[in-house]
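What follows is one structure encoded as structure tokens, with my remarks underneath.
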Amino acid sequence: MNEKQLYQDKLEAKLKEWKADLDKMRAKAEGATADARLDLKREIEGLEKKMEAVKAKLSELASTSDDAFESIKEGVDMAWESLKLSFSEAASKFRDK
């Protein structure tokens with residue numbers, strides 16, 4: 001397996017994990033007070049948008065040649081880091097609610 005495929009597989013596995021975490025957040029939001037539920041819903045929607053952006057970047061990556069991998073990887077890494085930071089922040093908010 002080449003570096004591009006390993007990289008893509010790793011990110012896709014983490015996205016699946018985060019999807020499960022999002023489902024848990026949705027369940028927790030349902031049990032929150034009305035004000036907290038609104039805040040948590042916004043967090044979830046923001047995470048979903050960032051996840052979709054990462055998925056789009058991964059699709060772009062999948063359709064590139066191995067030679068173009070490095071040039072596309074930078075954009076994927078930037079989207080990934082933004083999503084990772086947002087998940088970390090959201091997780092701490094959900095712990096506090």
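Residues are referred to by chain and number: the chain letter is A, B, ... according to the order shown in the structure tokens, the number counts from 1 in that chain, and ligands are numbered separately from 1 in the order shown.
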
>> Could you list, as a ChimeraX atom specification, every residue within 10 Å of Ile72 of chain A, counting only C-alpha atoms and ignoring same-chain residues fewer than 2 positions away?
In response: /A:57-58,60-62,64-65,67-70,74-77

Any chance you could tabulate, as CSV, the residues of segment 8-58 of chain A at most 9 Å from segment 83-92 of chain A with each one's nearest atom pair and distance in Å to one decimal, using only C-alpha atoms, in chain and rising number order?
residue,atom,partner,partner_atom,distance
A:Trp18,CA,A:Phe87,CA,8.1
A:Asp21,CA,A:Ala91,CA,8.8
A:Met25,CA,A:Ala91,CA,8.2
A:Leu40,CA,A:Ala90,CA,8.2
A:Glu43,CA,A:Ala90,CA,6.4
A:Ile44,CA,A:Ala90,CA,8.0
A:Gly46,CA,A:Ser86,CA,8.3
A:Leu47,CA,A:Ser86,CA,6.7
A:Lys50,CA,A:Leu83,CA,5.7
A:Met51,CA,A:Leu83,CA,6.7
A:Ala53,CA,A:Leu83,CA,9.0
A:Val54,CA,A:Leu83,CA,7.8

Restricting the output to N, CA and C atoms, write the selected residues as an mmCIF file, in the first residue's frame.
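Saved the output as part-v4.cif:
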data_model
loop_
_atom_site.group_PDB
_atom_site.id
_atom_site.type_symbol
_atom_site.label_atom_id
_atom_site.label_comp_id
_atom_site.auth_asym_id
_atom_site.auth_seq_id
_atom_site.Cartn_x
_atom_site.Cartn_y
_atom_site.Cartn_z
ATOM 1 N N TRP A 18 -15.187 9.920 14.533
ATOM 2 C CA TRP A 18 -15.798 11.202 14.868
ATOM 3 C C TRP A 18 -17.284 11.221 14.535
ATOM 4 N N ASP A 21 -18.873 9.842 17.455
ATOM 5 C CA ASP A 21 -18.869 10.853 18.511
ATOM 6 C C ASP A 21 -19.961 11.890 18.287
ATOM 7 N N MET A 25 -23.012 13.082 20.680
ATOM 8 C CA MET A 25 -23.281 14.491 20.996
ATOM 9 C C MET A 25 -24.736 14.842 20.720
ATOM 10 N N LEU A 40 -25.594 23.507 21.602
ATOM 11 C CA LEU A 40 -25.016 22.235 21.197
ATOM 12 C C LEU A 40 -25.372 21.902 19.749
ATOM 13 N N GLU A 43 -23.063 23.723 17.531
ATOM 14 C CA GLU A 43 -21.750 23.062 17.529
ATOM 15 C C GLU A 43 -21.762 21.860 16.589
ATOM 16 N N ILE A 44 -22.803 21.068 16.690
ATOM 17 C CA ILE A 44 -22.928 19.874 15.862
ATOM 18 C C ILE A 44 -22.992 20.255 14.382
ATOM 19 N N GLY A 46 -21.814 22.918 12.946
ATOM 20 C CA GLY A 46 -20.492 23.383 12.535
ATOM 21 C C GLY A 46 -19.540 22.225 12.278
ATOM 22 N N LEU A 47 -19.598 21.229 13.156
ATOM 23 C CA LEU A 47 -18.755 20.045 12.982
ATOM 24 C C LEU A 47 -19.136 19.279 11.708
ATOM 25 N N LYS A 50 -17.670 21.010 8.705
ATOM 26 C CA LYS A 50 -16.230 20.780 8.598
ATOM 27 C C LYS A 50 -15.932 19.345 8.179
ATOM 28 N N MET A 51 -16.727 18.406 8.665
ATOM 29 C CA MET A 51 -16.546 17.013 8.245
ATOM 30 C C MET A 51 -16.809 16.870 6.747
ATOM 31 N N ALA A 53 -16.377 19.184 4.529
ATOM 32 C CA ALA A 53 -15.238 19.790 3.832
ATOM 33 C C ALA A 53 -14.064 18.823 3.767
ATOM 34 N N VAL A 54 -13.822 18.124 4.854
ATOM 35 C CA VAL A 54 -12.737 17.141 4.869
ATOM 36 C C VAL A 54 -13.056 15.989 3.914
#

> Hey, can you check how far atom CA of Lys19 of chain A sits from atom CA of Ala34 of chain A?
Replying inline: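 These atoms are spaced 23.6 Å apart.
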
>> Can you measure atom CA of Lys41 of chain A to atom CA of Arg26 of chain A for me? One decimal in Å is fine.
In response: 7.6 Å
